[in-house]
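Remarks on the structure that follows.
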Amino acid sequence: MEASKLPCSFAPFPSSTIISTNRPKCHFAISPGFKNYRDSILQSLISTNLRKKNDRPIQFIRSASASVEPLTKDPAQEELPTSGNSIRRRFLEFYAARGHKILPSSSLVPDDPTVLLTIAGMLQFKPVFLGKVARQVPCATTSQRCIRTNDIENVGRTSRHHTFFEMLGNFSFGDYFKKEAIKWAWELSTIEYGLPAENLWISVYENDEETYAIWHDEIGVPADRIKKMGEEDNFWTSGVTGPCGPCSEIYYDFHPNRGHSTVDLNDDTRFIEFYNLVFMQFNKKDDGSLEPLKQKNIDTGMGLERMARILQKVPNNYETDLIFPIIEKVSELANVSYALADDSTKTKLKVIGDHMRAIVYLISDGVFPSNIGRGYVVRRLIRRAVRMGRLLDIRGDENGNLEGTFLPIVAEKVIELSSEIEPDLKSRKSRILEELKREELRFVVTLERGEKLLDEMLDDALDKAKINSSGPCLSGKDAFLLYDTYGFPVEITMEVADERGVSIDMSGFDVEMENQRRQSQAAHNTVKLTVENGSELTENIPDTEFIGYDTLYSKAVIKGLLLSGKPVVEASQGNEVEVLLDRTPFYAESGGQIGDRGVLKVTDTETLKSAFIEIADVQKSLGNIFVHKGVIKEGSVTVGREVEAAVDAKLRQRAKVHHTATHLLQAALKKVVGQDTSQAGSLVAFERLRFDFNFHRQLLDHELTKIEDLINEWVGDATPLQTNVMPIADAKSAGAIAMFGEKYGDEVRVVNVPGVSMELCGGTHVSNTSEIRGFKIISEQGISSGVRRIEAVAGDAFIEYVSNRDNYMKQLCSTLKVKAEEVPARVGAIMEELRMVKTQVSAACAKTAVYKASTFNAFHVGTSTQIRVVVEFMDDTDADSLKSAAEYLIDVLKDPAAIVLGSCPGEDKVSLVAAFSPSVVSMGIQAGKFIGPIAKMCGGGGGGRPNFAQAGGRKPENLSSALEKAKTDLVSVLSEKAS
């Protein structure tokens, strides 16, 4: 691996079997962001065992079978040994020197449908732990970026909760086990990081005597600092069934002077757990019994932020150099001093500091704000950060522009700190800042609506209290809506409500919060690992050899058959079957391209009859095994028989054309609308292609035309494609673009259209752009906030599309009796005629409704004040005419008057209108609020101004009783007000 491609961009040591862990003398420079706790950092240096040369023992590489890539850095640029970057580097170096392969952090968007976001360091290794994918190395070490939002309410309030964090980990895939994992964890903690042994406590599973013995007898940890804990604390499970095992945790004791009696390791004021060692050694079966795994694995995790807190000797994770510079930037924008701030202000600063790291890295990994899935996570974090900023009185940007935004300014600080964890963040800077600016400006409007909604909720609570003669109370559901949707902390809602004399149903709020927490934990904080039924099948079936790049036909042997997902030896005519072959020309769905279709044929032999299977789809499963899904149309098939596999050549060509056209489309988009545009998903089908991309606005007509012209120009150039397999580092250095959501190995396939496009892609492609023949965009639309979608056709699908459009035009010309070029003008004239007719009809309907309303008789309500009231049904009058009738009545009846009218203008359709004169409104009766419950009876809703409101519904059968309720309610409330 090249030095530039290492996870932290460090150059490797020269190849050697012996690596010294001695460190050069360092030039210490404390950044401005650390002046307020310089003394504590300097003090920490004294205790980190900065030894002179040859003080540390030489470490020997343990296993020659593993790839070793230790890391180093220019001594002139060496930072503080206790800095976050140094802690990360030293961890990776430590395990590299012990035979571990250093692997990069995987994306925050996992290749795992069971998990919304990457929540643990082990997630990228899940297929290896399950035995679905063969291990590439015996053991590995990583610094993994993680996101968790299940405890978001604790962020900023505790010393250790975060939404974004780094998990340092070392992993063994059947190589070493408990003894080595424990020994190295102790060496790392006490020698490499220099933690005092007397400050370290150990927890073990209560039934795991082997682990206890290693810690006590071999490592030498005193018995009174080893705590045996139950299954809930120290037995790791992936779910109801699946891989599991005991775990052991290392805790740091901040107050050893408190003694060893009645110690509670969960006491956050004294202890912090910083290293967790999971010994994955069992498989939990359906009956709850445990059976030993064939391959015992090690899965560990050390929290980088936690270790930084310990070594930097600061009171919480937020005041480490990983986060504190961000907090300082926010403090500067808020014009406050963190050191002098009260706890409430510090909490707000910490929330922004934490959330901004999560937001920036999520957007960098292609997750953009939306109202669903991962996009909602980003949007929620952004809104919480904006809300906290407003509570800190941050308005506008730092240049005095009150209409500006502050999140992009804070994001720049996050990006500045990213050089070692994610160097590519800087190249994505403009896209990240633009997205943050748009989302913050959008949310400011939402906040104003939320503030208005809170006022309306409090008004409703006060009104209901008067009617019910009870104390005004805001429901827990409403308070949670404000918290979850509009970003209002409940304490702010309580404060505003208290000013208005309204209490809050906090028990109801807690119920809503708990419901969301359970849903969040289910979605965000569970890594499902199960030993699937197919695992036994895969032991006898090797990965499928794909030969479909070079041929559409081959002979193959049936290695497995599945009926309803279960292995069988034989299947017969009519069965829907899944066929596993040793080799295949069929492309299995991946990279956005759908699977091939075709046939499997078995010819007659002396003992066996012929068979014919129609293949409708091909998928990858259980690693790299191709599953051919189809129906046996004739005969029967058995495992072990030879078949002739033939791909439908016409459909394959259509897929190839659309896949290459997709590459050209991405290249054209980058050329026309900007290099920051990136893929967010794709579909390569036989009849069309679909391309999702990150962009903040609708594409203009001239931009779409330019994109089409560019692609068709490239098609006309008849450029031969070049396809090569090369190391991934070489491909990236050559400028190849990675496809969204794909995972790559050390060797990758590069598809190159010289001078136009170069992408990492395993799909099938044309050999020359001229095969595409033509390209046409058929739609462009937004599918979520910040994500657009283009659908297009090429090749045969393009010819069919153009031919169909031509036929439609011929029919239209025949109907309108004009030439094709005259169609737009003729249609425009027809539309204008139709508009004039509709206007005339509406005017006539309004006059009819007004005339009918003039026949209504008003009744009077009230004693001291006589209020004229009309509540009537107006047959099938449309909504606009109903409005005209109500306006007429309120005008002729004079003030005070109250009007409610209803009609059924169509099947399953109800229209309602309420109009109240000024005197009626001044009594506290509002049309908008009055009409809502009436419309609800008709299966609908609505609202409007205090003096005028409209509503609708879908249950005409309930309109009569709804109008009767309106009449009763009006009489009741008006009688009380006018008495």
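Naming works like this for the structure tokens: A, B, ... for the chains as they're shown, residue 1 at the start of each chain, ligands 1 onward in shown order.
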
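The residue set within 9 Å of A:Ala588, counting only C-alpha atoms and dropping same-chain residues fewer than 3 places from it, reads Gln593, Ile594, Gly595, Asp596, Asp617, Val618, Gln619, Lys620, Phe626, Val627 and His628 of chain A.
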
Could you write those residues out with all heavy atoms, as a short mmCIF file (atom, residue, chain, number, x, y, z; two decimals), in the first residue's frame?
```cif
data_model
loop_
_atom_site.label_atom_id
_atom_site.label_comp_id
_atom_site.auth_asym_id
_atom_site.auth_seq_id
_atom_site.Cartn_x
_atom_site.Cartn_y
_atom_site.Cartn_z
N GLN A 593 -26.57 -2.17 -11.80
CA GLN A 593 -26.99 -2.90 -13.00
C GLN A 593 -27.78 -4.15 -12.60
O GLN A 593 -27.34 -4.93 -11.76
CB GLN A 593 -25.79 -3.30 -13.85
CG GLN A 593 -26.15 -4.06 -15.11
CD GLN A 593 -24.94 -4.37 -15.98
OE1 GLN A 593 -23.95 -3.65 -15.95
NE2 GLN A 593 -25.01 -5.47 -16.74
N ILE A 594 -28.95 -4.32 -13.23
CA ILE A 594 -29.78 -5.47 -12.89
C ILE A 594 -29.17 -6.75 -13.46
O ILE A 594 -28.33 -6.72 -14.35
CB ILE A 594 -31.23 -5.30 -13.38
CG1 ILE A 594 -31.28 -5.26 -14.92
CG2 ILE A 594 -31.84 -4.05 -12.80
CD1 ILE A 594 -32.69 -5.24 -15.46
N GLY A 595 -29.62 -7.89 -12.95
CA GLY A 595 -29.08 -9.17 -13.38
C GLY A 595 -29.54 -9.57 -14.78
O GLY A 595 -30.60 -9.14 -15.25
N ASP A 596 -28.75 -10.40 -15.43
CA ASP A 596 -29.08 -10.88 -16.77
C ASP A 596 -30.29 -11.82 -16.75
O ASP A 596 -30.65 -12.39 -15.71
CB ASP A 596 -27.89 -11.66 -17.36
CG ASP A 596 -26.82 -10.74 -17.92
OD1 ASP A 596 -27.17 -9.63 -18.39
OD2 ASP A 596 -25.64 -11.13 -17.89
N ASP A 617 -33.71 -13.66 -13.27
CA ASP A 617 -32.91 -12.72 -12.47
C ASP A 617 -31.71 -13.47 -11.92
O ASP A 617 -31.75 -14.69 -11.71
CB ASP A 617 -33.75 -12.15 -11.32
CG ASP A 617 -33.03 -11.05 -10.55
OD1 ASP A 617 -32.13 -10.41 -11.14
OD2 ASP A 617 -33.36 -10.82 -9.38
N VAL A 618 -30.63 -12.71 -11.66
CA VAL A 618 -29.44 -13.29 -11.05
C VAL A 618 -28.97 -12.34 -9.95
O VAL A 618 -28.81 -11.13 -10.20
CB VAL A 618 -28.30 -13.51 -12.07
CG1 VAL A 618 -27.11 -14.19 -11.40
CG2 VAL A 618 -28.78 -14.33 -13.25
N GLN A 619 -28.75 -12.87 -8.76
CA GLN A 619 -28.33 -12.06 -7.61
C GLN A 619 -27.07 -12.67 -6.99
O GLN A 619 -26.81 -13.86 -7.14
CB GLN A 619 -29.43 -12.01 -6.54
CG GLN A 619 -30.72 -11.38 -7.00
CD GLN A 619 -30.64 -9.88 -7.06
OE1 GLN A 619 -29.88 -9.25 -6.31
NE2 GLN A 619 -31.42 -9.27 -7.94
N LYS A 620 -26.31 -11.80 -6.30
CA LYS A 620 -25.18 -12.31 -5.53
C LYS A 620 -25.64 -12.60 -4.11
O LYS A 620 -26.42 -11.84 -3.53
CB LYS A 620 -24.04 -11.29 -5.50
CG LYS A 620 -23.23 -11.21 -6.77
CD LYS A 620 -22.05 -10.26 -6.59
CE LYS A 620 -21.25 -10.15 -7.87
NZ LYS A 620 -20.10 -9.21 -7.73
N PHE A 626 -23.26 -16.70 -7.17
CA PHE A 626 -24.31 -16.19 -8.05
C PHE A 626 -25.54 -17.09 -7.92
O PHE A 626 -25.43 -18.31 -8.05
CB PHE A 626 -23.85 -16.16 -9.50
CG PHE A 626 -22.86 -15.05 -9.81
CD1 PHE A 626 -21.92 -14.64 -8.89
CD2 PHE A 626 -22.88 -14.42 -11.05
CE1 PHE A 626 -21.01 -13.63 -9.18
CE2 PHE A 626 -21.98 -13.42 -11.36
CZ PHE A 626 -21.04 -13.01 -10.42
N VAL A 627 -26.69 -16.48 -7.68
CA VAL A 627 -27.94 -17.22 -7.54
C VAL A 627 -28.79 -16.94 -8.77
O VAL A 627 -29.25 -15.82 -8.98
CB VAL A 627 -28.69 -16.83 -6.26
CG1 VAL A 627 -29.98 -17.62 -6.14
CG2 VAL A 627 -27.82 -17.04 -5.03
N HIS A 628 -28.99 -17.96 -9.61
CA HIS A 628 -29.77 -17.84 -10.83
C HIS A 628 -31.22 -18.20 -10.50
O HIS A 628 -31.52 -19.36 -10.18
CB HIS A 628 -29.24 -18.77 -11.93
CG HIS A 628 -27.78 -18.57 -12.23
ND1 HIS A 628 -26.77 -18.95 -11.37
CD2 HIS A 628 -27.17 -18.01 -13.31
CE1 HIS A 628 -25.59 -18.64 -11.90
NE2 HIS A 628 -25.80 -18.08 -13.08
#
```

>> I'd like the contact shell of A:Lys437 - 8 Å cut-off, only C-alpha atoms, skipping same-chain residues fewer than 4 positions apart - returned as a list of chain:residue names.
In response: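 The contact residues come out as A:Thr405, A:Leu407, A:Pro408, A:Leu433, A:Leu441.
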
Could you please take those selected residues and save N, CA and C atoms as a PDB file, in the first residue's frame?
```
ATOM      1  N   THR A 405     -25.202  32.739   7.653  1.00  0.00           N
ATOM      2  CA  THR A 405     -25.267  31.470   8.378  1.00  0.00           C
ATOM      3  C   THR A 405     -23.979  31.254   9.161  1.00  0.00           C
ATOM      4  N   LEU A 407     -23.218  27.865  10.618  1.00  0.00           N
ATOM      5  CA  LEU A 407     -22.761  26.476  10.569  1.00  0.00           C
ATOM      6  C   LEU A 407     -21.583  26.274   9.604  1.00  0.00           C
ATOM      7  N   PRO A 408     -21.594  26.897   8.408  1.00  0.00           N
ATOM      8  CA  PRO A 408     -20.439  26.710   7.520  1.00  0.00           C
ATOM      9  C   PRO A 408     -19.132  27.201   8.133  1.00  0.00           C
ATOM     10  N   LEU A 433     -20.043  22.929   2.681  1.00  0.00           N
ATOM     11  CA  LEU A 433     -20.414  24.265   3.155  1.00  0.00           C
ATOM     12  C   LEU A 433     -21.684  24.762   2.469  1.00  0.00           C
ATOM     13  N   LEU A 441     -30.451  28.031   6.346  1.00  0.00           N
ATOM     14  CA  LEU A 441     -31.387  29.074   5.929  1.00  0.00           C
ATOM     15  C   LEU A 441     -32.809  28.514   5.866  1.00  0.00           C
TER      16      LEU A 441
END
```

> Between atom CA of A:Ile326 and atom CA of A:Lys413, what is the spacing in Å?
Replying inline: 6.0 Å

> Near A:Asn297, counting only C-alpha atoms, which residues have an atom at most 9 Å away, once you skip same-chain residues fewer than 2 positions from it, shown as a PyMOL selection string?
Replying inline: chain A and resi 129+171-177+278-281+293+295+299

> So which residues of stretch 829-880 of chain A fall under alpha helix (DSSP H) by DSSP, listed as a VMD selection string?
Replying inline: chain A and resid 829 to 853 879 to 880

>> So, with only C-alpha atoms as the atoms that count, which of A:Ile799, A:Val910, A:Lys426, A:Ile890 lies closest to A:Gly941?
In response: A:Val910

May I have the residues within 10 Å of A:Thr211 as a PDB file with N, CA and C atoms, in the first residue's frame, using only C-alpha atoms and disregarding those fewer than 4 positions away in the same chain?
```pdb
ATOM      1  N   LYS A 178      -7.795 -14.860  23.408  1.00  0.00           N
ATOM      2  CA  LYS A 178      -7.866 -14.109  24.658  1.00  0.00           C
ATOM      3  C   LYS A 178      -6.496 -13.674  25.191  1.00  0.00           C
ATOM      4  N   LYS A 179      -5.571 -14.613  25.251  1.00  0.00           N
ATOM      5  CA  LYS A 179      -4.308 -14.332  25.923  1.00  0.00           C
ATOM      6  C   LYS A 179      -3.582 -13.163  25.252  1.00  0.00           C
ATOM      7  N   ILE A 182      -5.554  -9.728  25.565  1.00  0.00           N
ATOM      8  CA  ILE A 182      -5.445  -9.136  26.896  1.00  0.00           C
ATOM      9  C   ILE A 182      -4.030  -8.591  27.126  1.00  0.00           C
ATOM     10  N   SER A 203     -13.097  -5.454  34.218  1.00  0.00           N
ATOM     11  CA  SER A 203     -14.346  -6.193  34.408  1.00  0.00           C
ATOM     12  C   SER A 203     -14.302  -7.432  33.525  1.00  0.00           C
ATOM     13  N   VAL A 204     -14.825  -8.549  34.028  1.00  0.00           N
ATOM     14  CA  VAL A 204     -14.887  -9.797  33.272  1.00  0.00           C
ATOM     15  C   VAL A 204     -16.269 -10.408  33.472  1.00  0.00           C
ATOM     16  N   TYR A 205     -16.651 -11.274  32.548  1.00  0.00           N
ATOM     17  CA  TYR A 205     -17.910 -11.993  32.679  1.00  0.00           C
ATOM     18  C   TYR A 205     -17.804 -12.959  33.853  1.00  0.00           C
ATOM     19  N   GLU A 206     -18.837 -13.022  34.659  1.00  0.00           N
ATOM     20  CA  GLU A 206     -18.788 -13.755  35.921  1.00  0.00           C
ATOM     21  C   GLU A 206     -18.468 -15.245  35.758  1.00  0.00           C
ATOM     22  N   ASN A 207     -18.781 -15.840  34.610  1.00  0.00           N
ATOM     23  CA  ASN A 207     -18.515 -17.270  34.398  1.00  0.00           C
ATOM     24  C   ASN A 207     -17.257 -17.517  33.561  1.00  0.00           C
ATOM     25  N   TRP A 215      -5.929 -12.239  33.441  1.00  0.00           N
ATOM     26  CA  TRP A 215      -5.724 -10.911  34.026  1.00  0.00           C
ATOM     27  C   TRP A 215      -4.981 -10.996  35.360  1.00  0.00           C
ATOM     28  N   HIS A 216      -5.389 -11.942  36.190  1.00  0.00           N
ATOM     29  CA  HIS A 216      -4.839 -12.006  37.544  1.00  0.00           C
ATOM     30  C   HIS A 216      -3.485 -12.712  37.595  1.00  0.00           C
ATOM     31  N   ASP A 217      -3.399 -13.889  36.979  1.00  0.00           N
ATOM     32  CA  ASP A 217      -2.205 -14.715  37.136  1.00  0.00           C
ATOM     33  C   ASP A 217      -1.087 -14.324  36.174  1.00  0.00           C
ATOM     34  N   PRO A 246     -18.153 -13.790  25.830  1.00  0.00           N
ATOM     35  CA  PRO A 246     -17.879 -12.902  26.962  1.00  0.00           C
ATOM     36  C   PRO A 246     -17.006 -11.741  26.520  1.00  0.00           C
ATOM     37  N   CYS A 247     -17.034 -10.685  27.293  1.00  0.00           N
ATOM     38  CA  CYS A 247     -16.151  -9.565  27.014  1.00  0.00           C
ATOM     39  C   CYS A 247     -15.496  -9.098  28.312  1.00  0.00           C
ATOM     40  N   SER A 248     -14.428  -8.364  28.136  1.00  0.00           N
ATOM     41  CA  SER A 248     -13.688  -7.827  29.274  1.00  0.00           C
ATOM     42  C   SER A 248     -13.378  -6.369  28.980  1.00  0.00           C
ATOM     43  N   PHE A 279     -14.653 -11.448  23.127  1.00  0.00           N
ATOM     44  CA  PHE A 279     -14.130 -12.769  22.760  1.00  0.00           C
ATOM     45  C   PHE A 279     -15.268 -13.542  22.081  1.00  0.00           C
TER      46      PHE A 279
END
```
